$ cat target15.txt   # compact mmCIF, N, CA and C atoms
# COMPACT_ATOMS: atom_id res chain seq x y z
N MET C 1 -14.33 15.08 -1.27
CA MET C 1 -14.29 14.90 -2.71
C MET C 1 -15.70 14.62 -3.22
N ASN C 2 -16.00 15.17 -4.35
CA ASN C 2 -17.32 14.90 -4.92
C ASN C 2 -17.28 13.66 -5.82
N ASN C 3 -18.45 13.22 -6.26
CA ASN C 3 -18.54 11.99 -7.05
C ASN C 3 -17.80 12.08 -8.36
N THR C 4 -17.79 13.25 -9.00
CA THR C 4 -17.08 13.41 -10.27
C THR C 4 -15.58 13.19 -10.08
N THR C 5 -15.03 13.74 -9.02
CA THR C 5 -13.60 13.57 -8.73
C THR C 5 -13.27 12.12 -8.43
N LEU C 6 -14.09 11.50 -7.59
CA LEU C 6 -13.86 10.09 -7.25
C LEU C 6 -13.99 9.19 -8.47
N ASN C 7 -14.97 9.48 -9.32
CA ASN C 7 -15.14 8.68 -10.53
C ASN C 7 -13.92 8.81 -11.44
N ALA C 8 -13.40 10.04 -11.58
CA ALA C 8 -12.21 10.24 -12.41
C ALA C 8 -11.00 9.52 -11.83
N LEU C 9 -10.93 9.45 -10.52
CA LEU C 9 -9.80 8.80 -9.85
C LEU C 9 -9.83 7.29 -10.01
N PHE C 10 -10.99 6.69 -9.85
CA PHE C 10 -11.09 5.23 -9.81
C PHE C 10 -11.55 4.59 -11.12
N SER C 11 -12.17 5.33 -12.01
CA SER C 11 -12.72 4.72 -13.22
C SER C 11 -11.61 4.22 -14.15
N THR C 12 -11.98 3.29 -15.00
CA THR C 12 -11.03 2.76 -15.96
C THR C 12 -11.75 2.41 -17.25
N ARG C 13 -11.10 2.70 -18.35
CA ARG C 13 -11.62 2.31 -19.66
C ARG C 13 -10.89 1.08 -20.18
N ALA C 14 -9.87 0.69 -19.48
CA ALA C 14 -8.98 -0.35 -19.97
C ALA C 14 -9.49 -1.74 -19.60
N GLY C 15 -9.03 -2.71 -20.35
CA GLY C 15 -9.40 -4.10 -20.12
C GLY C 15 -8.29 -4.86 -19.44
N ALA C 16 -8.26 -6.15 -19.72
CA ALA C 16 -7.31 -7.05 -19.08
C ALA C 16 -5.87 -6.78 -19.50
N GLY C 17 -5.66 -6.35 -20.74
CA GLY C 17 -4.30 -6.12 -21.23
C GLY C 17 -3.55 -5.09 -20.42
N LEU C 18 -4.20 -3.98 -20.10
CA LEU C 18 -3.52 -2.96 -19.31
C LEU C 18 -3.31 -3.43 -17.87
N SER C 19 -4.19 -4.29 -17.39
CA SER C 19 -3.97 -4.86 -16.06
C SER C 19 -2.67 -5.64 -16.01
N VAL C 20 -2.39 -6.40 -17.05
CA VAL C 20 -1.15 -7.18 -17.11
C VAL C 20 0.06 -6.24 -17.13
N ILE C 21 0.01 -5.23 -17.97
CA ILE C 21 1.12 -4.26 -18.03
C ILE C 21 1.30 -3.58 -16.68
N ARG C 22 0.20 -3.15 -16.07
CA ARG C 22 0.24 -2.45 -14.78
C ARG C 22 0.90 -3.32 -13.72
N ILE C 23 0.52 -4.58 -13.66
CA ILE C 23 1.07 -5.49 -12.65
C ILE C 23 2.56 -5.73 -12.86
N LEU C 24 2.97 -5.99 -14.09
CA LEU C 24 4.39 -6.25 -14.36
C LEU C 24 5.25 -5.01 -14.11
N VAL C 25 4.78 -3.85 -14.54
CA VAL C 25 5.52 -2.61 -14.28
C VAL C 25 5.58 -2.36 -12.77
N GLY C 26 4.49 -2.64 -12.07
CA GLY C 26 4.47 -2.47 -10.63
C GLY C 26 5.49 -3.35 -9.92
N ILE C 27 5.63 -4.58 -10.36
CA ILE C 27 6.62 -5.50 -9.77
C ILE C 27 8.03 -4.95 -9.97
N ILE C 28 8.32 -4.46 -11.16
CA ILE C 28 9.64 -3.88 -11.43
C ILE C 28 9.91 -2.70 -10.50
N PHE C 29 8.91 -1.82 -10.35
CA PHE C 29 9.11 -0.67 -9.47
C PHE C 29 9.27 -1.08 -8.01
N MET C 30 8.50 -2.06 -7.57
CA MET C 30 8.65 -2.52 -6.18
C MET C 30 10.08 -3.03 -5.93
N ALA C 31 10.61 -3.76 -6.88
CA ALA C 31 11.98 -4.28 -6.73
C ALA C 31 12.99 -3.15 -6.68
N HIS C 32 12.85 -2.16 -7.55
CA HIS C 32 13.77 -1.01 -7.55
C HIS C 32 13.64 -0.22 -6.26
N GLY C 33 12.42 -0.03 -5.78
CA GLY C 33 12.22 0.67 -4.52
C GLY C 33 12.81 -0.10 -3.35
N ALA C 34 12.68 -1.43 -3.36
CA ALA C 34 13.24 -2.25 -2.30
C ALA C 34 14.77 -2.16 -2.28
N GLN C 35 15.38 -2.00 -3.45
CA GLN C 35 16.82 -1.78 -3.50
C GLN C 35 17.20 -0.49 -2.78
N LYS C 36 16.47 0.57 -3.08
CA LYS C 36 16.79 1.87 -2.50
C LYS C 36 16.45 1.95 -1.01
N LEU C 37 15.28 1.45 -0.64
CA LEU C 37 14.83 1.59 0.75
C LEU C 37 15.46 0.58 1.70
N PHE C 38 15.56 -0.68 1.26
CA PHE C 38 15.90 -1.76 2.17
C PHE C 38 17.22 -2.47 1.84
N GLY C 39 17.85 -2.10 0.74
CA GLY C 39 19.09 -2.75 0.34
C GLY C 39 18.89 -4.16 -0.19
N LEU C 40 17.67 -4.49 -0.59
CA LEU C 40 17.39 -5.83 -1.14
C LEU C 40 17.83 -5.92 -2.59
N PHE C 41 17.94 -7.14 -3.11
CA PHE C 41 18.24 -7.41 -4.52
C PHE C 41 19.52 -6.71 -4.98
N GLY C 42 20.51 -6.66 -4.12
CA GLY C 42 21.78 -6.05 -4.48
C GLY C 42 21.81 -4.54 -4.38
N GLY C 43 20.77 -3.95 -3.80
CA GLY C 43 20.72 -2.50 -3.66
C GLY C 43 21.60 -2.01 -2.52
N TYR C 44 21.69 -0.68 -2.40
CA TYR C 44 22.58 -0.07 -1.42
C TYR C 44 21.85 0.52 -0.22
N GLY C 45 20.53 0.39 -0.18
CA GLY C 45 19.77 0.95 0.92
C GLY C 45 19.75 2.47 0.87
N LEU C 46 19.13 3.06 1.86
CA LEU C 46 18.98 4.51 1.88
C LEU C 46 20.32 5.24 1.97
N GLU C 47 21.20 4.76 2.82
CA GLU C 47 22.50 5.45 2.99
C GLU C 47 23.31 5.45 1.69
N GLY C 48 23.50 4.27 1.13
CA GLY C 48 24.30 4.17 -0.09
C GLY C 48 23.66 4.88 -1.27
N THR C 49 22.35 4.71 -1.43
CA THR C 49 21.65 5.37 -2.52
C THR C 49 21.68 6.87 -2.32
N GLY C 50 21.52 7.32 -1.07
CA GLY C 50 21.59 8.75 -0.77
C GLY C 50 22.95 9.34 -1.11
N GLN C 51 24.01 8.63 -0.79
CA GLN C 51 25.36 9.11 -1.13
C GLN C 51 25.53 9.22 -2.64
N TRP C 52 25.04 8.21 -3.37
CA TRP C 52 25.13 8.26 -4.83
C TRP C 52 24.32 9.43 -5.39
N MET C 53 23.11 9.61 -4.88
CA MET C 53 22.27 10.70 -5.38
C MET C 53 22.93 12.05 -5.10
N GLU C 54 23.51 12.20 -3.95
CA GLU C 54 24.23 13.43 -3.62
C GLU C 54 25.37 13.65 -4.61
N SER C 55 26.06 12.57 -4.98
CA SER C 55 27.21 12.68 -5.89
C SER C 55 26.83 13.12 -7.30
N ILE C 56 25.57 12.89 -7.69
CA ILE C 56 25.14 13.32 -9.02
C ILE C 56 24.35 14.63 -8.98
N GLY C 57 24.33 15.25 -7.79
CA GLY C 57 23.70 16.56 -7.67
C GLY C 57 22.27 16.57 -7.19
N LEU C 58 21.74 15.42 -6.79
CA LEU C 58 20.39 15.38 -6.23
C LEU C 58 20.51 15.45 -4.71
N ALA C 59 20.38 16.66 -4.18
CA ALA C 59 20.61 16.89 -2.76
C ALA C 59 19.33 17.41 -2.10
N PRO C 60 19.12 17.11 -0.84
CA PRO C 60 19.93 16.21 -0.01
C PRO C 60 19.73 14.75 -0.42
N GLY C 61 20.81 14.06 -0.55
CA GLY C 61 20.81 12.71 -1.10
C GLY C 61 19.93 11.72 -0.35
N TYR C 62 20.01 11.74 0.98
CA TYR C 62 19.22 10.80 1.77
C TYR C 62 17.73 11.02 1.53
N LEU C 63 17.30 12.28 1.52
CA LEU C 63 15.90 12.60 1.29
C LEU C 63 15.47 12.20 -0.12
N MET C 64 16.33 12.44 -1.10
CA MET C 64 16.01 12.06 -2.48
C MET C 64 15.89 10.55 -2.61
N ALA C 65 16.77 9.82 -1.91
CA ALA C 65 16.69 8.36 -1.92
C ALA C 65 15.40 7.88 -1.26
N LEU C 66 15.03 8.52 -0.16
CA LEU C 66 13.80 8.16 0.54
C LEU C 66 12.58 8.45 -0.34
N LEU C 67 12.56 9.61 -0.99
CA LEU C 67 11.42 9.97 -1.84
C LEU C 67 11.31 9.06 -3.06
N SER C 68 12.42 8.86 -3.75
CA SER C 68 12.36 8.04 -4.96
C SER C 68 12.11 6.57 -4.61
N GLY C 69 12.75 6.08 -3.55
CA GLY C 69 12.53 4.70 -3.12
C GLY C 69 11.10 4.47 -2.69
N SER C 70 10.53 5.42 -1.97
CA SER C 70 9.14 5.29 -1.53
C SER C 70 8.18 5.36 -2.71
N ALA C 71 8.43 6.29 -3.64
CA ALA C 71 7.58 6.37 -4.83
C ALA C 71 7.63 5.05 -5.60
N GLU C 72 8.83 4.50 -5.74
CA GLU C 72 8.98 3.26 -6.50
C GLU C 72 8.35 2.07 -5.77
N PHE C 73 8.66 1.90 -4.49
CA PHE C 73 8.15 0.73 -3.77
C PHE C 73 6.63 0.82 -3.56
N PHE C 74 6.17 1.90 -2.96
CA PHE C 74 4.74 2.01 -2.65
C PHE C 74 3.91 2.31 -3.89
N GLY C 75 4.46 3.07 -4.84
CA GLY C 75 3.77 3.27 -6.11
C GLY C 75 3.67 1.98 -6.89
N GLY C 76 4.73 1.19 -6.86
CA GLY C 76 4.71 -0.12 -7.51
C GLY C 76 3.69 -1.04 -6.87
N LEU C 77 3.62 -1.02 -5.54
CA LEU C 77 2.64 -1.82 -4.82
C LEU C 77 1.22 -1.40 -5.21
N ALA C 78 0.99 -0.11 -5.30
CA ALA C 78 -0.33 0.39 -5.71
C ALA C 78 -0.67 -0.07 -7.13
N LEU C 79 0.32 -0.10 -8.01
CA LEU C 79 0.07 -0.59 -9.36
C LEU C 79 -0.25 -2.09 -9.35
N VAL C 80 0.48 -2.84 -8.57
CA VAL C 80 0.26 -4.29 -8.53
C VAL C 80 -1.17 -4.61 -8.12
N VAL C 81 -1.66 -3.96 -7.08
CA VAL C 81 -3.02 -4.26 -6.62
C VAL C 81 -4.08 -3.43 -7.34
N GLY C 82 -3.65 -2.40 -8.06
CA GLY C 82 -4.60 -1.58 -8.79
C GLY C 82 -5.42 -0.68 -7.90
N LEU C 83 -4.82 -0.15 -6.86
CA LEU C 83 -5.50 0.77 -5.94
C LEU C 83 -4.85 2.15 -6.03
N LEU C 84 -5.68 3.14 -6.35
CA LEU C 84 -5.18 4.50 -6.58
C LEU C 84 -4.07 4.47 -7.64
N ALA C 85 -4.33 3.74 -8.69
CA ALA C 85 -3.33 3.52 -9.72
C ALA C 85 -2.94 4.81 -10.44
N ARG C 86 -3.90 5.69 -10.69
CA ARG C 86 -3.55 6.94 -11.39
C ARG C 86 -2.61 7.82 -10.58
N PRO C 87 -2.89 8.10 -9.30
CA PRO C 87 -1.91 8.89 -8.53
C PRO C 87 -0.55 8.19 -8.40
N ALA C 88 -0.56 6.88 -8.24
CA ALA C 88 0.70 6.14 -8.17
C ALA C 88 1.47 6.28 -9.48
N ALA C 89 0.76 6.14 -10.59
CA ALA C 89 1.41 6.28 -11.90
C ALA C 89 1.96 7.68 -12.10
N LEU C 90 1.27 8.69 -11.58
CA LEU C 90 1.78 10.06 -11.68
C LEU C 90 3.08 10.21 -10.91
N ALA C 91 3.12 9.71 -9.68
CA ALA C 91 4.35 9.78 -8.88
C ALA C 91 5.49 9.05 -9.57
N LEU C 92 5.20 7.89 -10.15
CA LEU C 92 6.24 7.12 -10.84
C LEU C 92 6.67 7.81 -12.13
N THR C 93 5.76 8.46 -12.81
CA THR C 93 6.10 9.19 -14.02
C THR C 93 7.08 10.32 -13.70
N VAL C 94 6.81 11.06 -12.65
CA VAL C 94 7.72 12.14 -12.23
C VAL C 94 9.08 11.57 -11.87
N THR C 95 9.09 10.47 -11.13
CA THR C 95 10.34 9.82 -10.73
C THR C 95 11.14 9.39 -11.96
N LEU C 96 10.46 8.83 -12.96
CA LEU C 96 11.13 8.40 -14.19
C LEU C 96 11.70 9.58 -14.97
N ILE C 97 10.95 10.65 -15.05
CA ILE C 97 11.44 11.82 -15.78
C ILE C 97 12.70 12.37 -15.11
N VAL C 98 12.70 12.43 -13.79
CA VAL C 98 13.90 12.89 -13.07
C VAL C 98 15.07 11.94 -13.36
N ALA C 99 14.82 10.63 -13.32
CA ALA C 99 15.89 9.66 -13.59
C ALA C 99 16.43 9.80 -15.01
N ILE C 100 15.54 9.96 -15.97
CA ILE C 100 15.98 10.09 -17.37
C ILE C 100 16.83 11.35 -17.54
N VAL C 101 16.35 12.48 -17.02
CA VAL C 101 17.04 13.75 -17.22
C VAL C 101 18.34 13.82 -16.43
N SER C 102 18.33 13.32 -15.19
CA SER C 102 19.51 13.49 -14.34
C SER C 102 20.56 12.39 -14.48
N VAL C 103 20.17 11.22 -14.96
CA VAL C 103 21.12 10.10 -15.01
C VAL C 103 21.35 9.58 -16.42
N HIS C 104 20.29 9.36 -17.19
CA HIS C 104 20.39 8.55 -18.40
C HIS C 104 20.49 9.32 -19.73
N ILE C 105 19.97 10.50 -19.81
CA ILE C 105 19.83 11.19 -21.10
C ILE C 105 21.18 11.39 -21.79
N GLY C 106 22.20 11.68 -21.04
CA GLY C 106 23.53 11.92 -21.62
C GLY C 106 24.20 10.67 -22.16
N ASN C 107 23.62 9.51 -21.88
CA ASN C 107 24.22 8.25 -22.32
C ASN C 107 23.55 7.69 -23.56
N GLY C 108 22.61 8.44 -24.13
CA GLY C 108 21.92 7.96 -25.32
C GLY C 108 20.78 7.03 -24.97
N LEU C 109 20.23 6.40 -25.98
CA LEU C 109 19.03 5.58 -25.82
C LEU C 109 19.30 4.24 -25.16
N PHE C 110 20.34 3.55 -25.55
CA PHE C 110 20.44 2.12 -25.26
C PHE C 110 20.93 1.80 -23.85
N MET C 111 20.32 0.75 -23.27
CA MET C 111 20.66 0.30 -21.92
C MET C 111 22.12 -0.12 -21.80
N SER C 112 22.68 -0.62 -22.87
CA SER C 112 24.07 -1.09 -22.82
C SER C 112 25.04 0.04 -22.46
N ASN C 113 24.61 1.28 -22.67
CA ASN C 113 25.43 2.45 -22.31
C ASN C 113 24.82 3.21 -21.12
N ASN C 114 23.95 2.56 -20.34
CA ASN C 114 23.22 3.18 -19.24
C ASN C 114 22.31 4.31 -19.76
N GLY C 115 21.77 4.09 -20.95
CA GLY C 115 20.87 5.07 -21.55
C GLY C 115 19.47 4.98 -20.98
N TYR C 116 18.55 5.70 -21.60
CA TYR C 116 17.20 5.85 -21.07
C TYR C 116 16.18 4.87 -21.65
N GLU C 117 16.61 3.88 -22.38
CA GLU C 117 15.72 2.91 -23.04
C GLU C 117 14.75 2.24 -22.04
N PHE C 118 15.27 1.69 -20.96
CA PHE C 118 14.46 0.98 -19.99
C PHE C 118 13.51 1.94 -19.27
N ALA C 119 14.02 3.08 -18.86
CA ALA C 119 13.17 4.07 -18.19
C ALA C 119 12.06 4.56 -19.11
N LEU C 120 12.35 4.69 -20.39
CA LEU C 120 11.35 5.12 -21.36
C LEU C 120 10.25 4.07 -21.51
N ALA C 121 10.62 2.80 -21.50
CA ALA C 121 9.63 1.73 -21.58
C ALA C 121 8.73 1.73 -20.35
N LEU C 122 9.32 1.91 -19.17
CA LEU C 122 8.52 2.00 -17.95
C LEU C 122 7.63 3.24 -17.98
N LEU C 123 8.16 4.33 -18.51
CA LEU C 123 7.38 5.57 -18.63
C LEU C 123 6.14 5.35 -19.49
N ALA C 124 6.27 4.59 -20.56
CA ALA C 124 5.12 4.28 -21.40
C ALA C 124 4.04 3.57 -20.59
N GLY C 125 4.45 2.65 -19.73
CA GLY C 125 3.49 1.93 -18.89
C GLY C 125 2.81 2.84 -17.88
N THR C 126 3.56 3.72 -17.23
CA THR C 126 2.94 4.60 -16.23
C THR C 126 2.02 5.62 -16.88
N VAL C 127 2.40 6.15 -18.02
CA VAL C 127 1.54 7.11 -18.71
C VAL C 127 0.26 6.43 -19.19
N ALA C 128 0.36 5.19 -19.66
CA ALA C 128 -0.83 4.45 -20.09
C ALA C 128 -1.80 4.26 -18.92
N VAL C 129 -1.28 3.95 -17.75
CA VAL C 129 -2.14 3.79 -16.57
C VAL C 129 -2.78 5.13 -16.20
N MET C 130 -2.03 6.22 -16.28
CA MET C 130 -2.62 7.53 -15.98
C MET C 130 -3.76 7.85 -16.93
N ILE C 131 -3.62 7.51 -18.19
CA ILE C 131 -4.64 7.84 -19.18
C ILE C 131 -5.84 6.90 -19.09
N GLU C 132 -5.59 5.61 -19.02
CA GLU C 132 -6.66 4.62 -19.14
C GLU C 132 -7.21 4.11 -17.81
N GLY C 133 -6.49 4.29 -16.74
CA GLY C 133 -6.92 3.72 -15.47
C GLY C 133 -6.28 2.37 -15.25
N ALA C 134 -6.67 1.72 -14.16
CA ALA C 134 -6.00 0.51 -13.72
C ALA C 134 -6.34 -0.74 -14.51
N GLY C 135 -7.45 -0.74 -15.21
CA GLY C 135 -7.82 -1.92 -16.00
C GLY C 135 -8.83 -2.80 -15.31
N ARG C 136 -9.23 -3.85 -16.01
CA ARG C 136 -10.31 -4.73 -15.57
C ARG C 136 -10.05 -5.38 -14.22
N PHE C 137 -8.84 -5.85 -14.00
CA PHE C 137 -8.52 -6.58 -12.77
C PHE C 137 -7.84 -5.65 -11.78
N SER C 138 -8.62 -4.81 -11.12
CA SER C 138 -8.05 -3.84 -10.19
C SER C 138 -9.03 -3.51 -9.08
N LEU C 139 -8.50 -3.07 -7.96
CA LEU C 139 -9.34 -2.60 -6.87
C LEU C 139 -10.03 -1.29 -7.27
N ASP C 140 -9.35 -0.46 -8.04
CA ASP C 140 -9.96 0.78 -8.52
C ASP C 140 -11.28 0.51 -9.24
N ARG C 141 -11.30 -0.50 -10.10
CA ARG C 141 -12.51 -0.83 -10.86
C ARG C 141 -13.62 -1.29 -9.93
N LEU C 142 -13.26 -2.09 -8.92
CA LEU C 142 -14.26 -2.53 -7.94
C LEU C 142 -14.84 -1.35 -7.18
N ILE C 143 -14.00 -0.42 -6.80
CA ILE C 143 -14.45 0.76 -6.05
C ILE C 143 -15.34 1.63 -6.92
N ALA C 144 -14.97 1.79 -8.18
CA ALA C 144 -15.75 2.63 -9.11
C ALA C 144 -17.14 2.09 -9.34
N ARG C 145 -17.32 0.79 -9.25
CA ARG C 145 -18.63 0.18 -9.47
C ARG C 145 -19.53 0.50 -8.31

$ encode --input "target15.txt" --output "structure tokens"
Amino acid sequence: MNNTTLNALFSTRAGAGLSVIRILVGIIFMAHGAQKLFGLFGGYGLEGTGQWMESIGLAPGYLMALLSGSAEFFGGLALVVGLLARPAALALTVTLIVAIVSVHIGNGLFMSNNGYEFALALLAGTVAVMIEGAGRFSLDRLIAR
């Protein structure tokens, strides 16, 4: 990779505010990923999540559970520490779009009906990180310097 590519990957225009958003969104994603991968926090683990994903047409279910759980857990971890935040945010953005389109869109906006409200709020956070970078308090910023 050349310096221009590395600079685009690690640089950030954002300050402390986006760092706070990035960290909180990352924690939420880590918890959701831990549900899918490890069955923590009331989750169903890979087997149960895979069966559910298969039932809604995301096949093969086990692989989809592994991919989405890994994107959520490890992408969330990357957001929390602010390392490779832009690629992590991209993976999470794709995961959110799939979740909105395949699960939530038919239920309307509001969470009370299993709508896409919460996913849309998380999507705003991941897109902001993709655009602005990881923020002042991040490993990306240290590397870019």

$ closest_atom_pairs --input "target15.txt" --of "range 55-111 of chain C" --to "range 24-43 of chain C" --cutoff "8 Å" --atoms "all atoms listed in the file" --output "JSON lines"
{"residue": "C:Ala65", "atom": "C", "partner": "C:Lys36", "partner_atom": "C", "distance": 6.0}
{"residue": "C:Leu66", "atom": "CA", "partner": "C:Leu37", "partner_atom": "CA", "distance": 6.7}
{"residue": "C:Ser68", "atom": "C", "partner": "C:Gly33", "partner_atom": "CA", "distance": 5.9}
{"residue": "C:Gly69", "atom": "CA", "partner": "C:Gly33", "partner_atom": "CA", "distance": 4.3}
{"residue": "C:Ser70", "atom": "N", "partner": "C:Gly33", "partner_atom": "CA", "distance": 5.6}
{"residue": "C:Ala71", "atom": "C", "partner": "C:Gly33", "partner_atom": "CA", "distance": 6.4}
{"residue": "C:Glu72", "atom": "C", "partner": "C:Phe29", "partner_atom": "C", "distance": 4.0}
{"residue": "C:Phe73", "atom": "N", "partner": "C:Gly33", "partner_atom": "CA", "distance": 3.8}
{"residue": "C:Phe74", "atom": "N", "partner": "C:Met30", "partner_atom": "CA", "distance": 6.0}
{"residue": "C:Gly75", "atom": "C", "partner": "C:Gly26", "partner_atom": "CA", "distance": 5.9}
{"residue": "C:Gly76", "atom": "CA", "partner": "C:Gly26", "partner_atom": "CA", "distance": 3.9}
{"residue": "C:Leu77", "atom": "N", "partner": "C:Met30", "partner_atom": "CA", "distance": 5.3}
{"residue": "C:Ala78", "atom": "C", "partner": "C:Gly26", "partner_atom": "CA", "distance": 6.7}
{"residue": "C:Leu79", "atom": "C", "partner": "C:Gly26", "partner_atom": "CA", "distance": 4.9}
{"residue": "C:Val80", "atom": "N", "partner": "C:Gly26", "partner_atom": "CA", "distance": 4.5}
{"residue": "C:Val81", "atom": "N", "partner": "C:Gly26", "partner_atom": "CA", "distance": 7.2}

$ closest_residue --input "target15.txt" --among "C:Met53, C:Phe118, C:Asp140, C:Leu63" --to "Thr12 in chain C" --atoms "only N, CA and C atoms"
C:Asp140

$ residues_around --input "target15.txt" --residues "Ala99 in chain C" --least-positions-apart "4" --cutoff "10 Å" --atoms "only C-alpha atoms" --output "number ranges by chain"
C: 68, 93-95, 103-105, 116, 119

$ closest_residue --input "target15.txt" --among "C:Asn2, C:Asn7, C:Ser138, C:Asn113" --to "Leu83 in chain C" --atoms "only C-alpha atoms"
C:Ser138

$ axis_aligned_box --input "target15.txt" --around "range 126-141 of chain C" --padding-each-side "5 Å" --output "JSON"
{"center_x": -5.0, "center_y": 0.6, "center_z": -13.5, "size_x": 27.2, "size_y": 24.4, "size_z": 23.2}

$ closest_residue --input "target15.txt" --among "C:Met111, C:Leu84, C:Ile131, C:Leu96" --to "Leu9 in chain C" --atoms "all atoms listed in the file"
C:Leu84

$ closest_residue --input "target15.txt" --among "C:Ala91, C:Ala85, C:Val98, C:Asn107" --to "Gly57 in chain C" --atoms "only C-alpha atoms"
C:Val98

$ atom_distance --input "target15.txt" --atom1 "CA of Gly61 in chain C" --atom2 "atom N of Gly48 in chain C"
9.1 Å

$ select_by_dssp --input "target15.txt" --residues "range 55-94 of chain C" --states "alpha helix (DSSP H)" --output "PyMOL selection string"
chain C and resi 55+61-81+85-94

$ write_last_selection --input "target15.txt" --atoms "N, CA and C atoms" --output "tab-separated table (two decimals), in the frame of the given file"
chain	number	residue	atom	x	y	z
C	55	SER	N	26.06	12.57	-4.98
C	55	SER	CA	27.21	12.68	-5.89
C	55	SER	C	26.83	13.12	-7.30
C	61	GLY	N	20.81	14.06	-0.55
C	61	GLY	CA	20.81	12.71	-1.10
C	61	GLY	C	19.93	11.72	-0.35
C	62	TYR	N	20.01	11.74	0.98
C	62	TYR	CA	19.22	10.80	1.77
C	62	TYR	C	17.73	11.02	1.53
C	63	LEU	N	17.30	12.28	1.52
C	63	LEU	CA	15.90	12.60	1.29
C	63	LEU	C	15.47	12.20	-0.12
C	64	MET	N	16.33	12.44	-1.10
C	64	MET	CA	16.01	12.06	-2.48
C	64	MET	C	15.89	10.55	-2.61
C	65	ALA	N	16.77	9.82	-1.91
C	65	ALA	CA	16.69	8.36	-1.92
C	65	ALA	C	15.40	7.88	-1.26
C	66	LEU	N	15.03	8.52	-0.16
C	66	LEU	CA	13.80	8.16	0.54
C	66	LEU	C	12.58	8.45	-0.34
C	67	LEU	N	12.56	9.61	-0.99
C	67	LEU	CA	11.42	9.97	-1.84
C	67	LEU	C	11.31	9.06	-3.06
C	68	SER	N	12.42	8.86	-3.75
C	68	SER	CA	12.36	8.04	-4.96
C	68	SER	C	12.11	6.57	-4.61
C	69	GLY	N	12.75	6.08	-3.55
C	69	GLY	CA	12.53	4.70	-3.12
C	69	GLY	C	11.10	4.47	-2.69
C	70	SER	N	10.53	5.42	-1.97
C	70	SER	CA	9.14	5.29	-1.53
C	70	SER	C	8.18	5.36	-2.71
C	71	ALA	N	8.43	6.29	-3.64
C	71	ALA	CA	7.58	6.37	-4.83
C	71	ALA	C	7.63	5.05	-5.60
C	72	GLU	N	8.83	4.50	-5.74
C	72	GLU	CA	8.98	3.26	-6.50
C	72	GLU	C	8.35	2.07	-5.77
C	73	PHE	N	8.66	1.90	-4.49
C	73	PHE	CA	8.15	0.73	-3.77
C	73	PHE	C	6.63	0.82	-3.56
C	74	PHE	N	6.17	1.90	-2.96
C	74	PHE	CA	4.74	2.01	-2.65
C	74	PHE	C	3.91	2.31	-3.89
C	75	GLY	N	4.46	3.07	-4.84
C	75	GLY	CA	3.77	3.27	-6.11
C	75	GLY	C	3.67	1.98	-6.89
C	76	GLY	N	4.73	1.19	-6.86
C	76	GLY	CA	4.71	-0.12	-7.51
C	76	GLY	C	3.69	-1.04	-6.87
C	77	LEU	N	3.62	-1.02	-5.54
C	77	LEU	CA	2.64	-1.82	-4.82
C	77	LEU	C	1.22	-1.40	-5.21
C	78	ALA	N	0.99	-0.11	-5.30
C	78	ALA	CA	-0.33	0.39	-5.71
C	78	ALA	C	-0.67	-0.07	-7.13
C	79	LEU	N	0.32	-0.10	-8.01
C	79	LEU	CA	0.07	-0.59	-9.36
C	79	LEU	C	-0.25	-2.09	-9.35
C	80	VAL	N	0.48	-2.84	-8.57
C	80	VAL	CA	0.26	-4.29	-8.53
C	80	VAL	C	-1.17	-4.61	-8.12
C	81	VAL	N	-1.66	-3.96	-7.08
C	81	VAL	CA	-3.02	-4.26	-6.62
C	81	VAL	C	-4.08	-3.43	-7.34
C	85	ALA	N	-4.33	3.74	-8.69
C	85	ALA	CA	-3.33	3.52	-9.72
C	85	ALA	C	-2.94	4.81	-10.44
C	86	ARG	N	-3.90	5.69	-10.69
C	86	ARG	CA	-3.55	6.94	-11.39
C	86	ARG	C	-2.61	7.82	-10.58
C	87	PRO	N	-2.89	8.10	-9.30
C	87	PRO	CA	-1.91	8.89	-8.53
C	87	PRO	C	-0.55	8.19	-8.40
C	88	ALA	N	-0.56	6.88	-8.24
C	88	ALA	CA	0.70	6.14	-8.17
C	88	ALA	C	1.47	6.28	-9.48
C	89	ALA	N	0.76	6.14	-10.59
C	89	ALA	CA	1.41	6.28	-11.90
C	89	ALA	C	1.96	7.68	-12.10
C	90	LEU	N	1.27	8.69	-11.58
C	90	LEU	CA	1.78	10.06	-11.68
C	90	LEU	C	3.08	10.21	-10.91
C	91	ALA	N	3.12	9.71	-9.68
C	91	ALA	CA	4.35	9.78	-8.88
C	91	ALA	C	5.49	9.05	-9.57
C	92	LEU	N	5.20	7.89	-10.15
C	92	LEU	CA	6.24	7.12	-10.84
C	92	LEU	C	6.67	7.81	-12.13
C	93	THR	N	5.76	8.46	-12.81
C	93	THR	CA	6.10	9.19	-14.02
C	93	THR	C	7.08	10.32	-13.70
C	94	VAL	N	6.81	11.06	-12.65
C	94	VAL	CA	7.72	12.14	-12.23
C	94	VAL	C	9.08	11.57	-11.87

$ atom_distance --input "target15.txt" --atom1 "CA of Met130 in chain C" --atom2 "atom N of Gly15 in chain C"
12.8 Å

$ atom_distance --input "target15.txt" --atom1 "CA of Gly135 in chain C" --atom2 "atom N of Ala14 in chain C"
4.8 Å

$ residues_near_point --input "target15.txt" --point "(-2.7, 3.7, -16.1)" --cutoff "8 Å" --atoms "only N, CA and C atoms" --output "ChimeraX atom specification"
/C:18,22,85-86,89-90,125-135

$ closest_residue --input "target15.txt" --among "C:Trp52, C:Ile97, C:Glu117, C:Gly82" --to "Leu139 in chain C" --atoms "only N, CA and C atoms"
C:Gly82

$ closest_residue --input "target15.txt" --among "C:Ile21, C:Ile56, C:Leu67, C:Ala88" --to "Val101 in chain C" --atoms "only C-alpha atoms"
C:Ile56

$ decode --input "target15.txt" --residues "range 125-133 of chain C" --atoms "C-alpha atoms" --output "tab-separated table (two decimals), in the first residue's frame"
chain	number	residue	atom	x	y	z
C	125	GLY	CA	-23.07	5.85	13.40
C	126	THR	CA	-21.26	3.48	11.05
C	127	VAL	CA	-21.66	5.79	8.06
C	128	ALA	CA	-20.35	8.72	10.12
C	129	VAL	CA	-17.23	6.71	11.01
C	130	MET	CA	-16.71	5.78	7.35
C	131	ILE	CA	-16.89	9.43	6.33
C	132	GLU	CA	-15.03	11.13	9.18
C	133	GLY	CA	-12.68	8.45	10.48
